[in-house]
$ cat data29.csv   # CSV, C-alpha atoms
chain,number,residue,atom,x,y,z
K,1,ARG,CA,152.7,102.6,160.2
K,2,VAL,CA,156.4,102.5,160.5
K,3,LEU,CA,156.8,101.6,156.8
K,4,CYS,CA,154.9,104.6,155.5
K,5,PRO,CA,155.4,107.6,157.8
K,6,LEU,CA,154.2,110.1,155.2
K,7,VAL,CA,150.5,109.3,155.3
K,8,PRO,CA,148.9,111.9,157.6
K,9,SER,CA,145.5,111.4,159.3
K,10,ALA,CA,142.7,112.1,156.9
K,11,PRO,CA,140.6,114.8,158.6
K,12,ALA,CA,143.6,117.0,159.2
K,13,ALA,CA,144.7,116.7,155.6
K,14,LEU,CA,141.3,117.7,154.3
K,15,ARG,CA,141.0,120.6,156.7
K,16,ALA,CA,144.3,122.0,155.6
K,17,LEU,CA,143.0,122.7,152.0
K,18,PRO,CA,142.3,126.5,151.3
K,19,ARG,CA,138.6,127.6,151.8
K,20,PRO,CA,136.6,128.6,148.7
K,21,VAL,CA,136.1,132.4,148.1
K,22,ALA,CA,132.6,133.7,148.0
K,23,VAL,CA,131.8,135.4,144.7
K,24,GLY,CA,128.5,137.2,145.7
K,25,VAL,CA,129.7,140.8,145.7
K,26,LEU,CA,127.6,141.9,142.7
K,27,HIS,CA,124.2,141.3,144.1
K,28,THR,CA,124.8,143.0,147.4
K,29,THR,CA,125.3,146.4,145.8
K,30,ARG,CA,121.8,146.5,144.1
K,31,PRO,CA,118.9,147.0,146.5
K,32,LEU,CA,115.7,145.1,145.7
K,33,HIS,CA,112.1,146.1,146.2
K,34,THR,CA,112.8,149.3,148.0
K,35,SER,CA,110.4,151.6,146.1
K,36,GLN,CA,106.6,151.6,146.4
K,37,GLN,CA,105.0,150.4,143.2
K,38,SER,CA,102.3,152.8,142.1
K,39,LEU,CA,100.5,150.6,139.7
K,40,ALA,CA,99.7,147.6,141.9
K,41,PRO,CA,97.3,146.7,143.5
K,42,VAL,CA,94.7,148.2,141.1
K,43,PRO,CA,91.7,149.6,143.1
K,44,PRO,CA,88.5,147.6,142.4
K,45,LEU,CA,85.8,149.0,140.2
K,46,PRO,CA,82.9,150.8,141.9
K,47,GLU,CA,79.7,148.7,142.5
K,48,LYS,CA,77.2,151.1,140.9
K,49,GLY,CA,77.5,154.0,138.5
K,50,GLY,CA,76.3,157.5,139.1
K,51,GLU,CA,72.6,157.8,139.9
K,52,VAL,CA,70.5,158.6,136.8
K,53,ARG,CA,66.8,159.3,136.9
K,54,HIS,CA,64.6,158.0,134.1
K,55,GLY,CA,67.7,156.7,132.4
K,56,LEU,CA,68.6,160.1,131.1
K,57,ILE,CA,69.1,162.8,133.6
K,58,PRO,CA,71.8,162.5,136.3
K,59,GLU,CA,70.8,162.9,139.9
K,60,GLU,CA,73.1,165.8,140.4
K,61,PHE,CA,70.7,168.0,138.4
K,62,PHE,CA,67.8,167.3,140.7
K,63,GLN,CA,70.1,167.9,143.7
K,64,PHE,CA,71.2,171.1,142.1
K,65,LEU,CA,67.6,172.4,141.8
K,66,TYR,CA,66.4,171.0,145.1
K,67,PRO,CA,67.3,173.9,147.5
K,68,LYS,CA,65.6,176.5,145.4
K,69,THR,CA,62.6,174.6,143.9
K,70,GLY,CA,62.1,171.5,146.0
K,71,VAL,CA,61.2,168.1,144.6
K,72,THR,CA,58.9,169.1,141.7
K,73,GLY,CA,61.2,171.8,140.3
K,74,PRO,CA,63.0,169.8,137.7
K,75,TYR,CA,59.8,168.3,136.5
K,76,MET,CA,58.2,171.7,136.2
K,77,LEU,CA,61.2,172.9,134.3
K,78,GLY,CA,61.0,169.9,132.0
K,79,THR,CA,57.3,170.4,131.3
K,80,GLY,CA,57.7,174.0,130.6
K,81,LEU,CA,60.6,173.4,128.3
K,82,LEU,CA,58.7,170.8,126.4
K,83,LEU,CA,55.7,173.0,125.9
K,84,TYR,CA,57.8,175.9,124.9
K,85,LEU,CA,59.6,173.8,122.3
K,86,LEU,CA,56.4,172.3,120.9
K,87,SER,CA,54.5,175.6,120.8
K,88,LYS,CA,57.2,177.5,119.1
K,89,GLU,CA,57.9,174.5,116.9
K,90,ILE,CA,61.5,174.5,117.7
K,91,TYR,CA,60.9,170.7,118.0
K,92,VAL,CA,59.0,169.9,114.8
K,93,ILE,CA,56.6,166.9,114.8
K,94,ASN,CA,57.0,164.8,111.7
K,95,HIS,CA,57.2,161.2,110.7
K,96,GLU,CA,60.4,160.7,112.7
K,97,THR,CA,58.6,161.6,115.9
K,98,ALA,CA,56.1,158.7,115.3
K,99,ALA,CA,59.0,156.3,114.5
K,100,ALA,CA,60.9,157.5,117.6
K,101,ALA,CA,57.9,157.0,119.8
K,102,CYS,CA,57.3,153.4,118.6
K,103,ILE,CA,61.0,152.5,118.8
K,104,LEU,CA,61.4,154.0,122.2
K,105,THR,CA,58.3,152.1,123.5
K,106,VAL,CA,59.6,148.8,122.3
K,107,ILE,CA,63.1,149.5,123.7
K,108,ILE,CA,61.8,150.6,127.1
K,109,TYR,CA,59.5,147.6,127.2
K,110,GLY,CA,62.3,145.2,126.4
K,111,ILE,CA,64.6,146.8,129.0
K,112,LYS,CA,62.0,146.7,131.7
K,113,LYS,CA,61.1,143.1,131.0
K,114,PHE,CA,64.5,141.4,130.2
K,115,GLY,CA,66.8,143.8,131.9
K,116,PRO,CA,67.3,141.9,135.1
K,117,GLN,CA,67.8,138.6,133.3
K,118,VAL,CA,70.5,140.1,131.0
K,119,ALA,CA,72.1,141.7,134.1
K,120,ALA,CA,72.1,138.4,136.0
K,121,PHE,CA,73.7,136.6,133.0
K,122,ALA,CA,76.4,139.3,132.6
K,123,ASP,CA,77.0,139.2,136.3
K,124,LYS,CA,77.4,135.4,136.1
K,125,LEU,CA,80.0,135.8,133.4
K,126,ASN,CA,81.9,138.3,135.4
K,127,GLU,CA,81.7,136.1,138.5
K,128,GLU,CA,83.2,133.2,136.5
K,129,LYS,CA,86.0,135.3,135.2
K,130,MET,CA,86.7,136.7,138.7
K,131,ALA,CA,86.6,133.2,140.2
K,132,ALA,CA,89.1,131.9,137.6
K,133,ALA,CA,91.4,134.8,138.3
K,134,VAL,CA,91.1,134.5,142.0
K,135,ALA,CA,91.7,130.7,141.8
K,136,LEU,CA,94.8,131.3,139.7
K,137,LYS,CA,96.0,133.9,142.2
K,138,ASN,CA,95.4,131.5,145.2
K,139,GLU,CA,97.1,128.7,143.3
K,140,SER,CA,100.1,130.7,142.6
K,141,ILE,CA,100.2,131.9,146.2
K,142,GLN,CA,99.9,128.3,147.4
K,143,ALA,CA,102.6,127.2,145.1
K,144,LEU,CA,104.9,130.0,146.2
K,145,GLN,CA,104.2,129.1,149.9
K,146,ASN,CA,105.0,125.5,149.2
K,147,ALA,CA,108.2,126.6,147.5
K,148,ILE,CA,109.0,128.6,150.6
K,149,GLU,CA,108.4,125.5,152.8
K,150,GLU,CA,110.5,123.4,150.5
K,151,GLU,CA,113.3,126.0,150.6
K,152,LYS,CA,113.2,126.1,154.4
K,153,LYS,CA,113.4,122.4,154.5
K,154,GLU,CA,116.3,122.4,152.2
K,155,GLN,CA,118.0,125.0,154.4
K,156,TRP,CA,117.4,122.7,157.4
K,157,ARG,CA,118.8,119.8,155.4
K,158,ALA,CA,121.9,121.8,154.5
K,159,GLU,CA,122.6,122.2,158.2
K,160,GLY,CA,123.4,118.5,158.4
K,161,ARG,CA,126.3,118.9,156.1
K,162,ASN,CA,128.7,118.2,159.0
K,163,TYR,CA,127.4,114.7,159.3
K,164,LEU,CA,128.0,114.2,155.6
K,165,PHE,CA,131.5,115.5,155.8
K,166,ASP,CA,132.2,113.3,158.9
K,167,ALA,CA,130.9,110.2,157.0
K,168,LYS,CA,133.1,111.1,154.0
K,169,ARG,CA,136.1,111.6,156.2
K,170,ASN,CA,135.5,108.3,157.8
K,171,ASN,CA,135.2,106.6,154.4
K,172,ILE,CA,138.5,108.1,153.3
K,173,ALA,CA,140.2,107.1,156.4
K,174,MET,CA,138.9,103.6,156.0
K,175,LEU,CA,140.1,103.5,152.4
K,176,LEU,CA,143.6,104.7,153.4
K,177,GLU,CA,143.7,102.1,156.2
K,178,THR,CA,142.6,99.3,153.9
K,179,ASN,CA,145.2,100.3,151.3
K,180,TYR,CA,147.9,100.5,153.9
K,181,ARG,CA,147.1,97.0,155.3
K,182,GLU,CA,146.9,95.5,151.8
K,183,ARG,CA,150.4,96.8,151.1
K,184,LEU,CA,151.6,95.6,154.4
K,185,LEU,CA,150.3,92.1,153.6
K,186,MET,CA,152.0,92.2,150.2
K,187,VAL,CA,155.3,93.2,151.7
K,188,TYR,CA,155.0,90.4,154.2
K,189,ASN,CA,154.2,87.8,151.5
K,190,GLU,CA,157.1,88.9,149.4
K,191,VAL,CA,159.6,88.8,152.2
K,192,LYS,CA,158.3,85.4,153.3
K,193,LYS,CA,158.7,84.1,149.7
K,194,ARG,CA,162.3,85.2,149.6
K,195,LEU,CA,163.1,83.7,153.0
K,196,ASP,CA,161.3,80.4,152.0
K,197,TYR,CA,163.5,80.3,148.9
K,198,GLN,CA,166.6,80.6,150.9
K,199,VAL,CA,165.4,77.9,153.3
K,200,ALA,CA,164.5,75.6,150.4
K,201,MET,CA,167.9,76.2,148.9
K,202,GLN,CA,169.6,75.2,152.1
K,203,ASN,CA,167.5,72.1,152.5
K,204,LEU,CA,168.1,71.0,149.0
K,205,LYS,CA,171.8,71.5,149.3
K,206,GLN,CA,171.9,69.5,152.5
K,207,GLN,CA,169.8,66.7,151.0
K,208,LYS,CA,172.0,66.5,147.9
K,209,GLU,CA,175.2,66.4,150.1
K,210,GLN,CA,173.7,63.5,152.1
K,211,GLU,CA,172.7,61.5,149.1
K,212,TYR,CA,176.0,62.0,147.5
K,213,MET,CA,177.8,61.0,150.6
K,214,ILE,CA,175.7,57.8,151.0
K,215,GLN,CA,176.4,56.9,147.4
K,216,TRP,CA,180.1,57.6,147.7
K,217,VAL,CA,180.3,55.5,150.9
K,218,GLU,CA,178.4,52.6,149.2
K,219,LYS,CA,180.5,52.8,146.2
K,220,ASN,CA,183.7,52.6,148.2
K,221,VAL,CA,182.4,49.8,150.3
K,222,VAL,CA,181.4,47.8,147.3
K,223,GLN,CA,184.8,48.5,145.7
K,224,SER,CA,186.6,47.4,148.9
K,225,ILE,CA,184.9,44.0,148.9
K,226,THR,CA,187.6,41.8,147.1
K,227,PRO,CA,186.5,38.7,145.3
K,228,GLN,CA,188.2,36.5,148.0
K,229,GLN,CA,186.2,38.1,150.8
K,230,GLN,CA,183.1,37.7,148.7
K,231,LYS,CA,183.6,33.9,148.4
K,232,GLU,CA,184.4,33.5,152.0
K,233,SER,CA,181.3,35.4,153.1
K,234,ILE,CA,179.1,33.4,150.7
K,235,ALA,CA,180.5,30.1,152.1
K,236,LYS,CA,179.9,31.4,155.7
K,237,CYS,CA,176.3,32.3,154.8
K,238,ILE,CA,175.7,28.8,153.4
K,239,MET,CA,177.1,27.1,156.5
K,240,ASP,CA,175.0,29.3,158.8
K,241,LEU,CA,171.9,28.5,156.8
K,242,LYS,CA,172.6,24.8,157.0
K,243,ALA,CA,173.0,25.1,160.8
K,244,LEU,CA,169.8,27.0,161.0
K,245,SER,CA,167.9,24.5,159.0
K,246,LYS,CA,169.2,21.7,161.2
K,247,SER,CA,168.1,23.4,164.3
K,248,ALA,CA,164.7,24.1,162.7
K,249,HIS,CA,164.3,20.4,161.7
K,250,ALA,CA,165.2,19.5,165.2
K,251,ALA,CA,162.6,21.8,166.6
K,252,VAL,CA,159.9,20.4,164.4
W,253,GLY,CA,91.5,174.0,146.8
W,254,PRO,CA,92.6,176.9,144.6
W,255,LEU,CA,90.4,178.0,141.7
W,256,TRP,CA,92.3,176.6,138.8
W,257,GLU,CA,92.5,173.1,140.3
W,258,ARG,CA,88.8,172.7,141.0
W,259,PRO,CA,86.6,170.7,138.5
W,260,LEU,CA,83.8,172.6,136.7
W,261,MET,CA,81.0,171.2,138.9
W,262,GLU,CA,82.5,172.7,142.0
W,263,VAL,CA,82.9,176.2,140.6
W,264,ARG,CA,80.3,178.7,141.7
W,265,LEU,CA,78.4,180.8,139.2
W,266,GLY,CA,80.1,184.0,140.3
W,267,GLU,CA,83.6,182.6,139.9
W,268,LEU,CA,82.9,181.1,136.4
W,269,HIS,CA,84.4,184.0,134.6
W,270,SER,CA,87.7,183.8,136.5
W,271,TRP,CA,87.7,180.1,136.2
W,272,ILE,CA,87.4,180.2,132.4
W,273,SER,CA,90.3,182.7,132.4
W,274,THR,CA,92.6,180.3,134.1
W,275,CYS,CA,92.2,177.3,131.8
W,276,SER,CA,94.4,177.0,128.7
W,277,PHE,CA,92.9,177.2,125.3
W,278,SER,CA,95.9,175.8,123.4
W,279,PRO,CA,95.3,172.6,121.4
W,280,GLN,CA,97.0,170.6,124.0
W,281,GLY,CA,94.9,172.2,126.7
W,282,LEU,CA,91.6,171.6,124.9
W,283,LEU,CA,92.6,168.1,124.0
W,284,GLY,CA,93.5,167.5,127.6
W,285,ALA,CA,90.2,168.9,128.8
W,286,VAL,CA,88.2,166.7,126.3
W,287,GLN,CA,90.2,163.6,127.4
W,288,LYS,CA,89.6,164.4,131.1
W,289,ALA,CA,85.9,164.9,130.6
W,290,TRP,CA,85.6,161.7,128.6
W,291,SER,CA,87.6,159.6,131.1
W,292,SER,CA,85.6,161.0,134.0
W,293,TYR,CA,82.3,160.2,132.3
W,294,CYS,CA,83.5,156.7,131.5
W,295,ALA,CA,84.7,156.1,135.1
W,296,LYS,CA,81.4,157.3,136.5
W,297,TYR,CA,78.8,155.6,134.3
W,298,ILE,CA,80.5,152.9,132.2
W,299,HIS,CA,83.4,151.2,134.1
W,300,VAL,CA,81.2,150.0,136.9
W,301,ARG,CA,80.4,146.5,138.0
W,302,ARG,CA,76.6,146.8,137.8
W,303,GLY,CA,75.8,149.4,135.3
W,304,GLY,CA,72.4,150.1,133.8
W,305,PRO,CA,71.1,151.6,130.6
W,306,ALA,CA,72.1,155.1,131.8
W,307,GLY,CA,75.6,155.0,130.5
W,308,ILE,CA,74.9,154.6,126.7
W,309,SER,CA,71.4,156.2,126.8
W,310,MET,CA,72.9,159.5,127.9
W,311,LEU,CA,75.4,159.3,125.1
W,312,LEU,CA,72.7,158.5,122.6
W,313,ALA,CA,70.5,161.3,123.8
W,314,GLY,CA,73.5,163.7,123.5
W,315,SER,CA,74.2,162.5,119.9
W,316,TYR,CA,70.5,162.8,119.1
W,317,LEU,CA,70.4,166.4,120.3
W,318,LEU,CA,73.6,167.2,118.4
W,319,SER,CA,72.3,165.8,115.1
W,320,TYR,CA,68.9,167.6,115.7
W,321,GLY,CA,70.9,170.8,116.0
W,322,TRP,CA,72.9,170.2,112.9
W,323,ASN,CA,69.7,169.4,110.9
W,324,TYR,CA,67.6,172.2,112.3
W,325,GLN,CA,67.6,174.4,109.2
W,326,HIS,CA,66.3,171.5,107.2
W,327,LEU,CA,63.7,170.5,109.8
W,328,LYS,CA,62.4,174.1,110.0
W,329,ARG,CA,60.8,173.6,106.6
W,330,HIS,CA,58.5,170.9,107.9
W,331,ARG,CA,56.7,173.2,110.4
W,332,TRP,CA,53.0,172.9,110.6
W,333,ARG,CA,52.3,176.6,111.1
W,334,LYS,CA,54.0,179.6,109.7
W,335,TYR,CA,53.4,181.9,112.7
W,336,HIS,CA,53.9,180.9,116.3

$ encode --input "data29.csv" --output "structure tokens"
Amino acid sequence: RVLCPLVPSAPAALRALPRPVAVGVLHTTRPLHTSQQSLAPVPPLPEKGGEVRHGLIPEEFFQFLYPKTGVTGPYMLGTGLLLYLLSKEIYVINHETAAAACILTVIIYGIKKFGPQVAAFADKLNEEKMAAAVALKNESIQALQNAIEEEKKEQWRAEGRNYLFDAKRNNIAMLLETNYRERLLMVYNEVKKRLDYQVAMQNLKQQKEQEYMIQWVEKNVVQSITPQQQKESIAKCIMDLKALSKSAHAAV
Amino acid sequence: GPLWERPLMEVRLGELHSWISTCSFSPQGLLGAVQKAWSSYCAKYIHVRRGGPAGISMLLAGSYLLSYGWNYQHLKRHRWRKYH
């Protein structure tokens, strides 16, 4: 750490950076969902329509005449009206009357016989449509609730961001430390190489001096041996060898 | 409520005259009245979950009476007796 004093500790360096500025000013000025919607939810359709007697005359007419004439009032009115129209021939009986009577008979017979079946079929169709719509609504409600759950989970996950940042800070500190140590090792190796070079140079120089000195001494010694000294030393060696051989013969 | 806001069914016979005097007879007023009457008829007899034959049968009966009225002068010639 003495070699590189400018590397600060990692967490302090990262915390010294300026914080990001929030840019959410626009959506805080517009209020959402503050007014009551008037179109939704649509009220459901009524179950049954207005009461109609004999398929033609609304019940209100009977109720209107009930206080004054009782229950049979409207029927009396109807009978009297019919007789008046027939007798004065305001309603003329012709071929169309017969046709209308036959057609009305068939229609009323058909309605009385097949009415409930047709009504059940139409109700079934309606039920299927309603079930599909309700299923769709429930599915979308479920999907939205799942999305809410997921969002809450994500919010909970985001609370753990401090652990993430700590881990990242640890990673960065580790990287810095590793880098520093690598460089330290490199410096050490380089310095050692230079010092080894110097040591090798000194050793080499010493070795060369020694060898040269030995050579020089040998050369001078060889030069100083005159031929006279050489003959004398050889004769001496021969005499010594003879003496040695004699003593050896004697020993054997 | 006040007289001019009540629907026709809730107006008493004695007040009928004053009620008629309060409604507007301009084209928009008449059109609005026709539209209101048609929509209230539909809401009461047609746009229900379990309707019966009453909804269309009343309309057919009304159209039958209207066409009888429009053809009355022609139908009068097919009377069975001259004096009633």

$ closest_residue --input "data29.csv" --among "W:Ser291, W:Ser309, W:Thr274, W:Gln325" --to "chain K" --atoms "all atoms listed in the file"
W:Ser309

$ interface_residues --input "data29.csv" --of "chain W" --to "chain K" --cutoff "10 Å" --atoms "only C-alpha atoms" --output "JSON, numbers by chain"
{"W": [261, 293, 294, 295, 296, 297, 298, 299, 300, 301, 302, 303, 304, 305, 306, 307, 308, 309, 310, 311, 312, 313, 314, 320, 324, 327, 328, 329, 330, 331, 332, 333, 334, 335, 336]}

$ atom_distance --input "data29.csv" --atom1 "atom CA of Ala289 of chain W" --atom2 "atom CA of Leu260 of chain W"
10.0 Å

$ atom_distance --input "data29.csv" --atom1 "atom CA of Leu125 of chain K" --atom2 "atom CA of Tyr109 of chain K"
24.5 Å

$ atom_distance --input "data29.csv" --atom1 "atom CA of Leu83 of chain K" --atom2 "atom CA of Gln63 of chain K"
23.5 Å

$ decode --input "data29.csv" --residues "segment 181-249 of chain K" --atoms "C-alpha atoms" --output "compact mmCIF listing (two decimals), in the first residue's frame"
# COMPACT_ATOMS: atom_id res chain seq x y z
CA ARG K 181 -0.96 -7.50 -5.50
CA GLU K 182 -0.22 -8.51 -9.07
CA ARG K 183 1.58 -5.26 -9.65
CA LEU K 184 3.47 -5.64 -6.41
CA LEU K 185 4.61 -9.07 -7.52
CA MET K 186 5.66 -7.67 -10.87
CA VAL K 187 7.70 -4.94 -9.21
CA TYR K 188 9.36 -7.45 -6.93
CA ASN K 189 10.26 -9.70 -9.86
CA GLU K 190 11.72 -6.87 -11.89
CA VAL K 191 13.80 -5.58 -9.03
CA LYS K 192 15.03 -9.10 -8.26
CA LYS K 193 16.00 -9.59 -11.89
CA ARG K 194 18.06 -6.42 -11.88
CA LEU K 195 19.78 -7.31 -8.63
CA ASP K 196 20.47 -10.86 -9.87
CA TYR K 197 22.06 -9.36 -12.94
CA GLN K 198 24.38 -7.29 -10.84
CA VAL K 199 25.30 -10.29 -8.70
CA ALA K 200 25.94 -12.43 -11.78
CA MET K 201 28.13 -9.71 -13.25
CA GLN K 202 30.22 -9.58 -10.08
CA ASN K 203 30.57 -13.36 -9.94
CA LEU K 204 31.58 -13.50 -13.57
CA LYS K 205 34.16 -10.81 -13.11
CA GLN K 206 35.63 -12.56 -10.08
CA GLN K 207 35.74 -15.88 -11.90
CA LYS K 208 37.45 -14.40 -14.92
CA GLU K 209 40.02 -12.66 -12.74
CA GLN K 210 40.75 -15.95 -10.94
CA GLU K 211 41.18 -17.91 -14.13
CA TYR K 212 43.37 -15.28 -15.70
CA MET K 213 45.49 -15.10 -12.56
CA ILE K 214 45.95 -18.92 -12.52
CA GLN K 215 46.85 -18.92 -16.19
CA TRP K 216 49.33 -16.09 -15.72
CA VAL K 217 50.94 -17.80 -12.74
CA GLU K 218 51.22 -21.09 -14.64
CA LYS K 219 52.64 -19.37 -17.67
CA ASN K 220 55.25 -17.59 -15.62
CA VAL K 221 56.16 -20.71 -13.73
CA VAL K 222 56.53 -22.69 -16.91
CA GLN K 223 58.62 -19.89 -18.39
CA SER K 224 60.87 -19.80 -15.31
CA ILE K 225 61.74 -23.46 -15.62
CA THR K 226 65.11 -23.30 -17.52
CA PRO K 227 66.20 -26.30 -19.57
CA GLN K 228 69.03 -27.03 -17.05
CA GLN K 229 66.55 -27.29 -14.17
CA GLN K 230 64.35 -29.49 -16.32
CA LYS K 231 67.18 -32.00 -16.98
CA GLU K 232 68.13 -32.07 -13.32
CA SER K 233 64.57 -32.66 -12.18
CA ILE K 234 64.05 -35.47 -14.71
CA ALA K 235 67.31 -37.21 -13.58
CA LYS K 236 66.20 -36.86 -9.96
CA CYS K 237 62.85 -38.40 -10.76
CA ILE K 238 64.50 -41.37 -12.50
CA MET K 239 66.79 -41.97 -9.48
CA ASP K 240 63.82 -41.77 -7.13
CA LEU K 241 61.90 -44.25 -9.23
CA LYS K 242 64.83 -46.69 -9.25
CA ALA K 243 65.13 -46.46 -5.50
CA LEU K 244 61.43 -47.03 -5.12
CA SER K 245 61.50 -50.04 -7.42
CA LYS K 246 64.39 -51.51 -5.45
CA SER K 247 62.52 -51.11 -2.21
CA ALA K 248 59.45 -52.67 -3.82
CA HIS K 249 61.48 -55.68 -5.10
